[in-house]
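So this one's final-v8.cif, mmCIF, C-alpha atoms:
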data_protein
loop_
_atom_site.label_atom_id
_atom_site.label_comp_id
_atom_site.auth_asym_id
_atom_site.auth_seq_id
_atom_site.Cartn_x
_atom_site.Cartn_y
_atom_site.Cartn_z
CA MET A 1 5.94 -21.87 16.02
CA GLN A 2 3.42 -23.52 13.70
CA LEU A 3 4.88 -24.16 10.25
CA VAL A 4 3.26 -21.96 7.64
CA VAL A 5 4.63 -24.10 4.78
CA PRO A 6 4.64 -27.78 5.83
CA ASN A 7 5.56 -29.05 2.35
CA ARG A 8 9.00 -29.27 0.75
CA ALA A 9 10.21 -29.13 -2.88
CA PRO A 10 13.43 -30.95 -3.92
CA LEU A 11 16.43 -28.81 -4.86
CA SER A 12 18.37 -29.19 -8.10
CA SER A 13 22.15 -29.31 -8.14
CA GLU A 14 22.18 -25.72 -9.44
CA GLU A 15 19.97 -24.65 -6.52
CA LEU A 16 22.21 -26.40 -4.01
CA GLN A 17 25.05 -24.22 -5.24
CA ARG A 18 22.93 -21.06 -5.46
CA TYR A 19 21.68 -21.34 -1.89
CA SER A 20 24.89 -22.70 -0.33
CA ARG A 21 25.08 -19.87 2.21
CA HIS A 22 21.59 -20.76 3.39
CA LEU A 23 22.29 -24.46 3.55
CA ILE A 24 25.06 -24.04 6.12
CA LEU A 25 22.76 -22.15 8.48
CA PRO A 26 21.31 -24.59 11.05
CA GLU A 27 18.07 -22.56 11.10
CA VAL A 28 17.65 -23.09 7.35
CA GLY A 29 19.55 -26.11 6.05
CA ARG A 30 18.32 -28.21 3.16
CA GLU A 31 14.91 -28.78 4.71
CA GLY A 32 14.32 -25.06 5.21
CA GLN A 33 15.47 -24.25 1.70
CA GLU A 34 13.07 -26.84 0.34
CA ARG A 35 10.27 -25.18 2.31
CA LEU A 36 11.23 -21.82 0.79
CA LYS A 37 11.07 -23.39 -2.67
CA ALA A 38 7.63 -24.84 -1.92
CA ALA A 39 6.34 -21.54 -0.49
CA LYS A 40 3.91 -19.20 -2.21
CA VAL A 41 4.05 -15.56 -1.10
CA LEU A 42 1.64 -12.85 -2.25
CA LEU A 43 2.81 -9.25 -2.42
CA VAL A 44 0.04 -6.66 -2.50
CA GLY A 45 1.66 -3.80 -4.36
CA ALA A 46 4.70 -3.56 -6.64
CA GLY A 47 5.86 -0.18 -5.35
CA GLY A 48 8.17 1.11 -2.64
CA LEU A 49 7.68 -1.74 -0.18
CA GLY A 50 6.90 -4.44 -2.71
CA SER A 51 10.16 -3.80 -4.59
CA PRO A 52 12.69 -4.79 -1.88
CA VAL A 53 10.43 -7.54 -0.56
CA ALA A 54 10.16 -9.11 -4.02
CA ILE A 55 13.89 -8.82 -4.74
CA TYR A 56 14.98 -10.47 -1.50
CA LEU A 57 12.33 -13.19 -1.52
CA ALA A 58 13.29 -14.07 -5.09
CA ALA A 59 16.98 -14.13 -4.19
CA ALA A 60 16.25 -16.25 -1.09
CA GLY A 61 14.60 -18.94 -3.21
CA VAL A 62 10.89 -18.49 -2.50
CA GLY A 63 9.40 -20.68 -5.22
CA THR A 64 6.28 -18.71 -6.13
CA ILE A 65 5.84 -14.96 -5.83
CA GLY A 66 2.45 -13.51 -6.64
CA MET A 67 1.97 -9.78 -7.02
CA VAL A 68 -1.22 -7.68 -7.11
CA ASP A 69 -0.87 -4.37 -8.95
CA PHE A 70 -2.64 -2.57 -11.79
CA ASP A 71 -0.43 0.51 -12.13
CA VAL A 72 2.23 1.50 -14.66
CA VAL A 73 5.74 2.69 -13.88
CA ASP A 74 5.96 6.47 -13.49
CA ALA A 75 9.17 8.50 -13.38
CA SER A 76 8.30 9.64 -9.85
CA ASN A 77 8.41 5.99 -8.72
CA LEU A 78 12.11 5.55 -9.49
CA GLN A 79 13.35 7.42 -6.41
CA ARG A 80 12.32 4.50 -4.18
CA GLN A 81 10.79 1.63 -6.21
CA VAL A 82 14.06 -0.14 -6.97
CA LEU A 83 12.39 -2.97 -8.88
CA HIS A 84 11.79 -0.59 -11.80
CA PHE A 85 14.31 1.17 -14.05
CA THR A 86 14.17 4.32 -16.20
CA SER A 87 13.58 2.20 -19.30
CA ASP A 88 10.43 0.79 -17.64
CA VAL A 89 8.56 4.13 -17.45
CA GLY A 90 5.13 3.61 -18.98
CA LYS A 91 5.35 -0.16 -18.66
CA PRO A 92 2.92 -2.13 -16.44
CA LYS A 93 4.57 -2.67 -13.06
CA LEU A 94 3.82 -6.38 -13.16
CA GLN A 95 5.66 -6.75 -16.46
CA SER A 96 8.63 -4.83 -15.09
CA ALA A 97 8.61 -6.90 -11.89
CA CYS A 98 8.42 -10.21 -13.73
CA GLU A 99 11.37 -9.31 -15.95
CA LYS A 100 13.61 -8.31 -13.03
CA LEU A 101 12.70 -11.15 -10.68
CA THR A 102 12.99 -13.95 -13.21
CA ALA A 103 16.32 -12.50 -14.39
CA LEU A 104 17.50 -12.58 -10.77
CA ASN A 105 16.26 -16.13 -10.18
CA PRO A 106 15.10 -18.18 -13.19
CA ASN A 107 13.81 -20.89 -10.83
CA LEU A 108 11.09 -18.49 -9.69
CA ALA A 109 7.42 -18.85 -10.67
CA PHE A 110 5.98 -15.33 -10.95
CA VAL A 111 2.20 -14.89 -10.85
CA GLY A 112 0.82 -11.47 -11.76
CA HIS A 113 -2.63 -10.35 -10.67
CA GLU A 114 -3.18 -7.21 -12.76
CA THR A 115 -6.28 -6.05 -10.96
CA ARG A 116 -7.48 -3.90 -8.12
CA LEU A 117 -7.95 -5.95 -4.95
CA THR A 118 -11.69 -5.90 -4.14
CA THR A 119 -14.18 -7.68 -1.93
CA SER A 120 -15.11 -9.89 -4.88
CA ASN A 121 -11.61 -11.19 -5.61
CA ALA A 122 -9.53 -10.78 -2.43
CA LEU A 123 -10.41 -14.10 -0.79
CA GLU A 124 -9.87 -16.09 -3.98
CA ILE A 125 -6.45 -14.48 -4.54
CA VAL A 126 -5.25 -14.65 -0.91
CA ARG A 127 -6.25 -18.30 -0.43
CA GLY A 128 -3.80 -19.39 -3.09
CA TYR A 129 -0.79 -18.32 -1.00
CA ASP A 130 0.93 -19.23 2.26
CA VAL A 131 1.99 -15.73 3.37
CA VAL A 132 0.70 -12.28 2.38
CA VAL A 133 2.93 -9.19 2.45
CA ASP A 134 1.05 -5.89 2.62
CA GLY A 135 2.78 -3.16 0.63
CA THR A 136 -0.29 -0.97 0.17
CA ASP A 137 -0.42 2.79 0.60
CA ASN A 138 -4.09 3.41 1.39
CA PHE A 139 -6.39 2.46 4.24
CA PRO A 140 -9.25 0.78 2.34
CA THR A 141 -6.89 -1.75 0.74
CA ARG A 142 -4.98 -2.20 4.00
CA TYR A 143 -8.17 -3.18 5.83
CA LEU A 144 -9.24 -5.38 2.92
CA VAL A 145 -5.90 -7.26 3.03
CA ASN A 146 -6.20 -7.69 6.79
CA ASP A 147 -9.77 -8.95 6.67
CA ALA A 148 -9.08 -11.37 3.81
CA CYS A 149 -6.03 -12.76 5.64
CA VAL A 150 -7.95 -13.28 8.89
CA LEU A 151 -10.87 -14.99 7.14
CA SER A 152 -8.43 -17.17 5.16
CA LYS A 153 -6.11 -17.86 8.12
CA LYS A 154 -3.07 -16.45 6.33
CA PRO A 155 -0.34 -14.41 8.08
CA ASN A 156 -0.29 -10.76 7.06
CA VAL A 157 3.19 -9.19 7.08
CA TYR A 158 2.43 -5.50 7.48
CA GLY A 159 4.57 -2.49 6.60
CA SER A 160 3.99 1.23 6.17
CA ILE A 161 6.16 4.26 5.42
CA TYR A 162 5.74 8.01 5.88
CA ARG A 163 8.38 10.72 5.38
CA PHE A 164 11.29 9.41 7.51
CA ASP A 165 9.31 6.91 9.60
CA GLY A 166 8.35 3.30 8.98
CA MET A 167 6.57 0.47 10.79
CA ALA A 168 6.39 -3.29 10.46
CA SER A 169 4.48 -6.08 12.20
CA VAL A 170 2.88 -9.48 11.62
CA PHE A 171 -0.88 -9.85 12.02
CA ALA A 172 -2.04 -13.46 12.36
CA PRO A 173 -4.76 -14.33 14.89
CA HIS A 174 -4.62 -18.01 13.89
CA LEU A 175 -0.98 -18.03 15.07
CA GLY A 176 -1.83 -16.35 18.36
CA GLY A 177 -1.27 -12.70 17.43
CA PRO A 178 -3.63 -9.76 16.87
CA CYS A 179 -5.06 -8.54 13.58
CA TYR A 180 -4.81 -5.01 12.19
CA ARG A 181 -8.29 -4.21 13.52
CA CYS A 182 -7.14 -5.03 17.07
CA TRP A 183 -4.83 -2.04 16.67
CA TYR A 184 -7.06 0.23 14.59
CA PRO A 185 -10.69 -0.99 14.58
CA GLU A 186 -11.76 1.57 11.95
CA PRO A 187 -9.93 3.61 9.30
CA PRO A 188 -9.27 7.31 9.99
CA PRO A 189 -11.45 9.98 8.36
CA ALA A 190 -10.61 11.01 4.82
CA GLY A 191 -7.72 13.48 4.69
CA ALA A 192 -6.69 12.91 8.31
CA VAL A 193 -3.48 11.10 7.35
CA PRO A 194 -1.58 12.42 4.32
CA SER A 195 -0.30 9.80 1.91
CA CYS A 196 3.35 9.48 0.94
CA ALA A 197 2.41 11.07 -2.38
CA GLU A 198 1.39 14.18 -0.44
CA ALA A 199 3.80 14.20 2.50
CA GLY A 200 6.81 12.68 0.75
CA VAL A 201 9.07 9.79 1.73
CA ILE A 202 12.84 9.45 1.79
CA GLY A 203 13.76 6.99 -0.94
CA VAL A 204 15.78 4.57 1.22
CA LEU A 205 13.04 4.12 3.84
CA PRO A 206 10.99 1.48 1.95
CA GLY A 207 14.21 -0.48 1.55
CA VAL A 208 14.60 -0.71 5.33
CA ILE A 209 10.96 -1.59 6.05
CA GLY A 210 10.60 -3.84 2.99
CA ASN A 211 13.62 -5.88 4.03
CA ILE A 212 12.15 -6.30 7.51
CA GLN A 213 8.95 -7.57 5.88
CA ALA A 214 10.95 -9.98 3.70
CA THR A 215 12.78 -11.24 6.79
CA GLU A 216 9.51 -11.85 8.62
CA ALA A 217 8.04 -13.71 5.64
CA ILE A 218 11.10 -15.97 5.46
CA LYS A 219 10.98 -16.64 9.23
CA LEU A 220 7.32 -17.63 8.95
CA ILE A 221 8.09 -20.05 6.12
CA LEU A 222 11.04 -21.59 7.99
CA GLY A 223 9.28 -21.65 11.36
CA ALA A 224 12.42 -20.04 12.76
CA GLY A 225 12.98 -17.29 15.30
CA GLU A 226 10.40 -15.02 16.89
CA PRO A 227 8.09 -13.25 14.43
CA LEU A 228 6.69 -9.79 15.03
CA LEU A 229 3.41 -11.22 16.30
CA GLY A 230 1.86 -8.76 18.73
CA ARG A 231 4.85 -6.46 18.26
CA LEU A 232 5.11 -3.28 16.21
CA LEU A 233 8.60 -2.24 15.15
CA ARG A 234 8.99 1.49 14.50
CA PHE A 235 11.96 2.93 12.64
CA ASN A 236 13.02 6.58 12.44
CA ALA A 237 15.60 7.23 9.74
CA LEU A 238 16.62 10.69 10.97
CA ALA A 239 17.42 9.42 14.46
CA MET A 240 18.51 6.00 13.13
CA SER A 241 16.53 4.42 15.94
CA PHE A 242 14.20 1.46 16.40
CA ARG A 243 11.46 1.20 19.00
CA GLU A 244 9.17 -1.70 19.77
CA HIS A 245 5.56 -1.48 20.93
CA ARG A 246 3.20 -4.23 22.00
CA ILE A 247 -0.11 -4.71 20.17
CA PRO A 248 -2.37 -6.92 22.31
CA ARG A 249 -5.26 -8.87 20.89
CA ASP A 250 -8.55 -7.07 21.37
CA PRO A 251 -11.00 -9.46 23.09
CA ASN A 252 -13.81 -7.45 21.50
CA CYS A 253 -12.29 -7.26 18.01
CA PRO A 254 -15.15 -7.30 15.48
CA LEU A 255 -13.09 -9.51 13.17
CA CYS A 256 -10.89 -11.90 15.18
CA GLY A 257 -12.60 -11.77 18.59
CA PRO A 258 -14.67 -14.63 20.02
CA ASN A 259 -17.92 -13.05 18.81
CA PRO A 260 -17.06 -11.51 15.43
CA THR A 261 -19.47 -9.20 13.66
CA ILE A 262 -17.36 -9.05 10.49
CA ILE A 263 -17.81 -12.48 8.93
CA GLU A 264 -17.42 -11.53 5.27
CA LEU A 265 -15.50 -8.95 3.29
CA LYS A 266 -17.07 -5.52 3.15
CA GLU A 267 -15.97 -2.62 0.99
CA ILE A 268 -14.35 0.25 2.85
CA PRO A 269 -15.04 3.24 0.60
CA MET A 270 -12.32 5.67 -0.37
CA THR A 271 -14.89 8.40 0.15
CA CYS A 272 -15.38 8.78 3.91
CA SER A 273 -16.62 12.36 3.95
CA PRO A 274 -19.92 13.89 2.80
CA ASP A 275 -17.84 16.61 1.10
CA ASP A 276 -16.20 14.11 -1.26
CA ILE A 277 -17.19 13.36 -4.82
CA SER A 278 -15.87 10.52 -6.94
CA VAL A 279 -13.90 10.94 -10.13
CA GLU A 280 -16.83 9.42 -12.01
CA GLN A 281 -19.09 12.17 -10.63
CA LEU A 282 -16.57 14.81 -11.70
CA LYS A 283 -16.40 13.36 -15.20
CA ALA A 284 -20.20 13.41 -15.49
CA MET A 285 -20.28 17.04 -14.30
CA ARG A 286 -17.78 18.01 -16.97
CA GLU A 287 -19.72 16.14 -19.67
CA ARG A 288 -22.92 17.99 -18.63
CA LYS A 289 -20.92 21.25 -18.77
CA GLU A 290 -21.96 22.21 -15.24
CA ASP A 291 -20.77 25.58 -13.96
CA PHE A 292 -18.04 24.93 -11.39
CA VAL A 293 -14.36 25.67 -10.80
CA LEU A 294 -11.85 22.83 -10.52
CA VAL A 295 -8.99 23.86 -8.23
CA ASP A 296 -5.66 22.01 -8.18
CA VAL A 297 -3.91 22.57 -4.81
CA ARG A 298 -0.77 20.52 -5.55
CA ASP A 299 2.73 21.98 -5.66
CA PRO A 300 3.98 23.69 -8.87
CA ASP A 301 6.44 20.89 -9.72
CA GLU A 302 3.54 18.44 -9.74
CA PHE A 303 1.63 20.52 -12.29
CA ALA A 304 4.31 19.74 -14.86
CA VAL A 305 3.87 15.99 -14.38
CA ASN A 306 0.14 15.80 -15.05
CA GLU A 307 -3.04 17.80 -14.72
CA ILE A 308 -6.77 17.67 -15.20
CA ALA A 309 -7.47 20.01 -18.09
CA GLY A 310 -9.10 23.29 -17.17
CA SER A 311 -8.13 23.32 -13.51
CA VAL A 312 -7.11 26.47 -11.66
CA LYS A 313 -3.63 26.07 -10.13
CA LEU A 314 -3.47 27.28 -6.52
CA PRO A 315 -0.88 25.44 -4.36
CA LEU A 316 -2.02 24.72 -0.81
CA PRO A 317 0.80 26.76 0.85
CA GLU A 318 -0.34 29.84 -1.11
CA LEU A 319 -4.03 29.40 -0.27
CA PRO A 320 -4.07 31.67 2.84
CA GLN A 321 -2.78 34.60 0.74
CA ARG A 322 -4.69 33.89 -2.49
CA PHE A 323 -8.02 32.35 -1.51
CA GLY A 324 -9.76 35.61 -2.47
CA GLU A 325 -9.10 34.73 -6.12
CA LEU A 326 -11.68 31.95 -5.85
CA PRO A 327 -15.36 32.91 -6.35
CA LYS A 328 -17.78 32.20 -3.51
CA SER A 329 -20.71 32.18 -5.92
CA LYS A 330 -19.60 29.01 -7.76
CA LEU A 331 -19.12 25.41 -6.73
CA LEU A 332 -15.43 24.73 -6.08
CA VAL A 333 -14.15 21.18 -6.65
CA LEU A 334 -10.75 20.81 -5.00
CA HIS A 335 -8.21 18.17 -5.90
CA CYS A 336 -4.62 17.15 -5.20
CA LYS A 337 -2.72 13.93 -5.87
CA ALA A 338 -4.72 11.61 -3.59
CA GLY A 339 -7.25 13.71 -1.66
CA GLY A 340 -5.50 14.66 1.60
CA ARG A 341 -4.26 18.15 0.82
CA SER A 342 -7.48 19.09 -0.94
CA ALA A 343 -9.44 17.99 2.16
CA ARG A 344 -7.34 20.41 4.23
CA ALA A 345 -7.89 23.13 1.63
CA LEU A 346 -11.64 22.53 1.84
CA LYS A 347 -11.54 22.89 5.63
CA PHE A 348 -9.63 26.18 5.34
CA LEU A 349 -11.99 27.63 2.72
CA ARG A 350 -15.01 26.68 4.79
CA GLU A 351 -13.53 28.66 7.68
CA GLN A 352 -13.30 31.66 5.32
CA GLY A 353 -17.02 31.50 4.59
CA TYR A 354 -17.08 29.37 1.43
CA THR A 355 -20.09 27.05 1.39
CA ARG A 356 -20.11 25.45 -2.08
CA LEU A 357 -17.17 23.05 -1.77
CA ARG A 358 -16.39 19.49 -2.80
CA ASN A 359 -13.24 17.36 -2.51
CA LEU A 360 -12.21 14.92 -5.25
CA ALA A 361 -11.77 11.53 -3.55
CA GLY A 362 -8.57 9.85 -4.68
CA GLY A 363 -7.38 13.00 -6.44
CA ILE A 364 -5.68 13.04 -9.81
CA THR A 365 -4.34 9.54 -9.16
CA ALA A 366 -7.88 8.12 -9.16
CA TRP A 367 -8.77 10.30 -12.16
CA GLU A 368 -5.92 8.91 -14.25
CA GLN A 369 -6.68 5.34 -13.23
CA ARG A 370 -10.41 5.42 -13.88
CA CYS A 371 -11.41 8.39 -16.01
CA ARG A 372 -8.52 9.46 -18.21
CA ASP A 373 -9.37 9.17 -21.89
#

Is it possible to give me this structure as structure tokens?
Amino acid sequence: MQLVVPNRAPLSSEELQRYSRHLILPEVGREGQERLKAAKVLLVGAGGLGSPVAIYLAAAGVGTIGMVDFDVVDASNLQRQVLHFTSDVGKPKLQSACEKLTALNPNLAFVGHETRLTTSNALEIVRGYDVVVDGTDNFPTRYLVNDACVLSKKPNVYGSIYRFDGMASVFAPHLGGPCYRCWYPEPPPAGAVPSCAEAGVIGVLPGVIGNIQATEAIKLILGAGEPLLGRLLRFNALAMSFREHRIPRDPNCPLCGPNPTIIELKEIPMTCSPDDISVEQLKAMRERKEDFVLVDVRDPDEFAVNEIAGSVKLPLPELPQRFGELPKSKLLVLHCKAGGRSARALKFLREQGYTRLRNLAGGITAWEQRCRD
């Protein structure tokens, strides 16, 4: 396999002792450990997947770990995001990550990118690294990571989690494998796939998938073993089973095929439905004092965590029995945590004869990130 990190960085006497269990492995040895020290790995996301990946890459001796994240630690993160502790609640995730990783391995160079990954900065950020690990939880960013990696010829170590199921693969057309678009050419419609915030996820699952991603990143750096190129590994925690599926390269892929039509980064909007409105539009409507009803369809325990002031609380499971409480004469703006459940609520209400309906794209998560005072 082509070496992803051809350079080496000398080891100190302290590092020789620290990595002694690596040095006796023929597949690693001193040369491999020096490649790990010279390597630069970018983690997109400091959450459920990014946490175990970062911890194990730091422990393994990866010399530079970059991390893209602009969020702060929330109490609801602690069930699965093991990089962050209770004392970190309210702290920027990058600050929390830097403190833990450098305490684990003081030889580490940590680079924080406290920004949203966009078409204007993705290529510049990705090009500074040897391997990219995708720990994102939404489709627009997932496609953006894939496209930036393909255009920059960087391997993309993919992972995703949902309830009790997880997946991992390596997308790298320049190494002979497919890209993410070979598997899914276009993102699904808004609301078609619930996020983990809406469907839930067992806390240990990101640990399993994140450690697989860390293993794949290390293998790519060492040039050892057989990476998950063209292979998708599925894990089911309830059955404690793994299955493997082949992902062939698409000869007509618009990104990595012989005649690509995607030759530059393009924004994939969070709003994929004509029924959606942005949080900025909602804020403007409130400032103009427009006559509408904001309906929160999250579960009752979520109401206690945060809310958009003035919203009517009507949990999605109760909607079939209580929808008559909502006026048909007014515009209804539905929201949940990220937009999936409210999209399903909109579909249900439309079937009951409601015509004035809008769904808040990105939900209360987007509101707190971009519009909270």

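Interatomic distance, atom CA of A:Glu325 against atom CA of A:Val312: 10.1 Å.
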
Might you pull out every residue within 9 Å of A:Arg234, with only C-alpha atoms counted and same-chain residues fewer than 2 positions away left off, and present them as a PDB file with C-alpha atoms, keeping the file's coordinate frame?
ATOM      1  CA  ASP A 165       9.310   6.910   9.600  1.00  0.00           C
ATOM      2  CA  GLY A 166       8.350   3.300   8.980  1.00  0.00           C
ATOM      3  CA  MET A 167       6.570   0.470  10.790  1.00  0.00           C
ATOM      4  CA  ALA A 168       6.390  -3.290  10.460  1.00  0.00           C
ATOM      5  CA  LEU A 232       5.110  -3.280  16.210  1.00  0.00           C
ATOM      6  CA  ASN A 236      13.020   6.580  12.440  1.00  0.00           C
ATOM      7  CA  SER A 241      16.530   4.420  15.940  1.00  0.00           C
ATOM      8  CA  PHE A 242      14.200   1.460  16.400  1.00  0.00           C
ATOM      9  CA  ARG A 243      11.460   1.200  19.000  1.00  0.00           C
ATOM     10  CA  GLU A 244       9.170  -1.700  19.770  1.00  0.00           C
ATOM     11  CA  HIS A 245       5.560  -1.480  20.930  1.00  0.00           C
TER      12      HIS A 245
END

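We find atom CA of A:Ala54 and atom CA of A:Leu175 to be spaced 23.8 Å apart.
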
- [ ] Could you check which of A:Ala172, A:Ile209, A:Cys253, A:Val4 is closest to A:Ala237, using all atoms listed in the file?
- [x] A:Ile209

Open item on the list: What does the structure give for the distance between atom CA of A:Leu331 and atom CA of A:Phe292, in Å to one decimal?
Closed with: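 A separation of 4.8 Å between them.
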
Let me have the centre and edge lengths of the axis-aligned box enclosing all listed atoms of stretch 135-143 of chain A with 4 Å padding on every side, in Å to one decimal, as JSON.
{"center_x": -3.2, "center_y": 0.1, "center_z": 3.0, "size_x": 20.0, "size_y": 14.6, "size_z": 13.7}

- [ ] Skip A:Glu15 itself and residues of its chain fewer than 4 positions away, then list as a list in words all residues within 9 Å of it, counting all atoms listed in the file.
- [x]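 Those residues are Leu11, Tyr19, Ser20, Gly61 and Asn107 of chain A.
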
- [ ] Have a look at A:Leu346, A:Ala59, A:Leu108, A:Ile268 and name the one nearest to A:Arg142; count only C-alpha atoms.
- [x]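 Checking each of A:Leu346, A:Ala59, A:Leu108, A:Ile268 against A:Arg142, counting only C-alpha atoms, the winner is A:Ile268.
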
Task: Counting all atoms listed in the file, the option among A:Leu83, A:Ala58, A:Leu151, A:Val89 closest to A:Pro106 - done: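 Of all the options, A:Ala58 lies closest to A:Pro106.
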
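Ranking A:Pro274, A:Gly176, A:Gly310, A:Pro317 by their shortest atom-to-atom distance to A:Arg249, with only C-alpha atoms included, puts A:Gly176 first.
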
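Here the question is which of A:Arg80, A:Lys313, A:Arg350, A:Arg231 gets nearest to A:Leu205 using all atoms listed in the file, and that residue is A:Arg80.
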
- [ ] Give me the result of the PyMOL selection byres ((chain A and resi 112) around 8) on this file, residue by residue, as a VMD selection string.
- [x] chain A and resid 66 to 69 94 98 110 to 111 113 to 114

TODO: Would you write out, as a PyMOL selection string, every residue that the PyMOL selection byres ((chain A and resi 122) around 12) captures in this file?
DONE: chain A and resi 42+44+68+113+115-121+123-129+132+141-152+264-267

TODO: With all atoms listed in the file counted, which protein, DNA or RNA residues have an atom no more than 7 Å from (2.9, -4.6, -12.2) in the file frame? Please answer as a PyMOL selection string.
DONE: chain A and resi 46+69-72+92-97+114

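With only C-alpha atoms as the basis for measurement, A:Ala75 is the residue among A:Val41, A:Ala75, A:Ile24, A:Leu282 that approaches A:Asn306 most closely.
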
Selection result for the PyMOL selection byres ((chain A and resi 318) around 12) on this file, as a PDB file with C-alpha atoms, in the coordinates of the input:
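That gives us part.pdb:
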ATOM      1  CA  ASP A 296      -5.660  22.010  -8.180  1.00  0.00           C
ATOM      2  CA  VAL A 297      -3.910  22.570  -4.810  1.00  0.00           C
ATOM      3  CA  ARG A 298      -0.770  20.520  -5.550  1.00  0.00           C
ATOM      4  CA  ASP A 299       2.730  21.980  -5.660  1.00  0.00           C
ATOM      5  CA  PRO A 300       3.980  23.690  -8.870  1.00  0.00           C
ATOM      6  CA  LYS A 313      -3.630  26.070 -10.130  1.00  0.00           C
ATOM      7  CA  LEU A 314      -3.470  27.280  -6.520  1.00  0.00           C
ATOM      8  CA  PRO A 315      -0.880  25.440  -4.360  1.00  0.00           C
ATOM      9  CA  LEU A 316      -2.020  24.720  -0.810  1.00  0.00           C
ATOM     10  CA  PRO A 317       0.800  26.760   0.850  1.00  0.00           C
ATOM     11  CA  LEU A 319      -4.030  29.400  -0.270  1.00  0.00           C
ATOM     12  CA  PRO A 320      -4.070  31.670   2.840  1.00  0.00           C
ATOM     13  CA  GLN A 321      -2.780  34.600   0.740  1.00  0.00           C
ATOM     14  CA  ARG A 322      -4.690  33.890  -2.490  1.00  0.00           C
ATOM     15  CA  PHE A 323      -8.020  32.350  -1.510  1.00  0.00           C
ATOM     16  CA  GLY A 324      -9.760  35.610  -2.470  1.00  0.00           C
ATOM     17  CA  GLU A 325      -9.100  34.730  -6.120  1.00  0.00           C
ATOM     18  CA  ALA A 345      -7.890  23.130   1.630  1.00  0.00           C
ATOM     19  CA  PHE A 348      -9.630  26.180   5.340  1.00  0.00           C
TER      20      PHE A 348
END

TODO: Give me the residues within 10 Å of A:Gly63 as a PyMOL selection string, counting all atoms listed in the file and dropping any in the same chain fewer than 2 places off.
DONE: chain A and resi 9+33-41+57-58+60-61+65+105+107-110

Open item on the list: Please list as a list in words every residue within 6 Å of A:Thr365, counting only C-alpha atoms and excluding residues in the same chain fewer than 2 positions away.
Closed with: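 Non-adjacent residues within range: Lys337, Ala338, Gly363, Trp367 and Glu368 of chain A.
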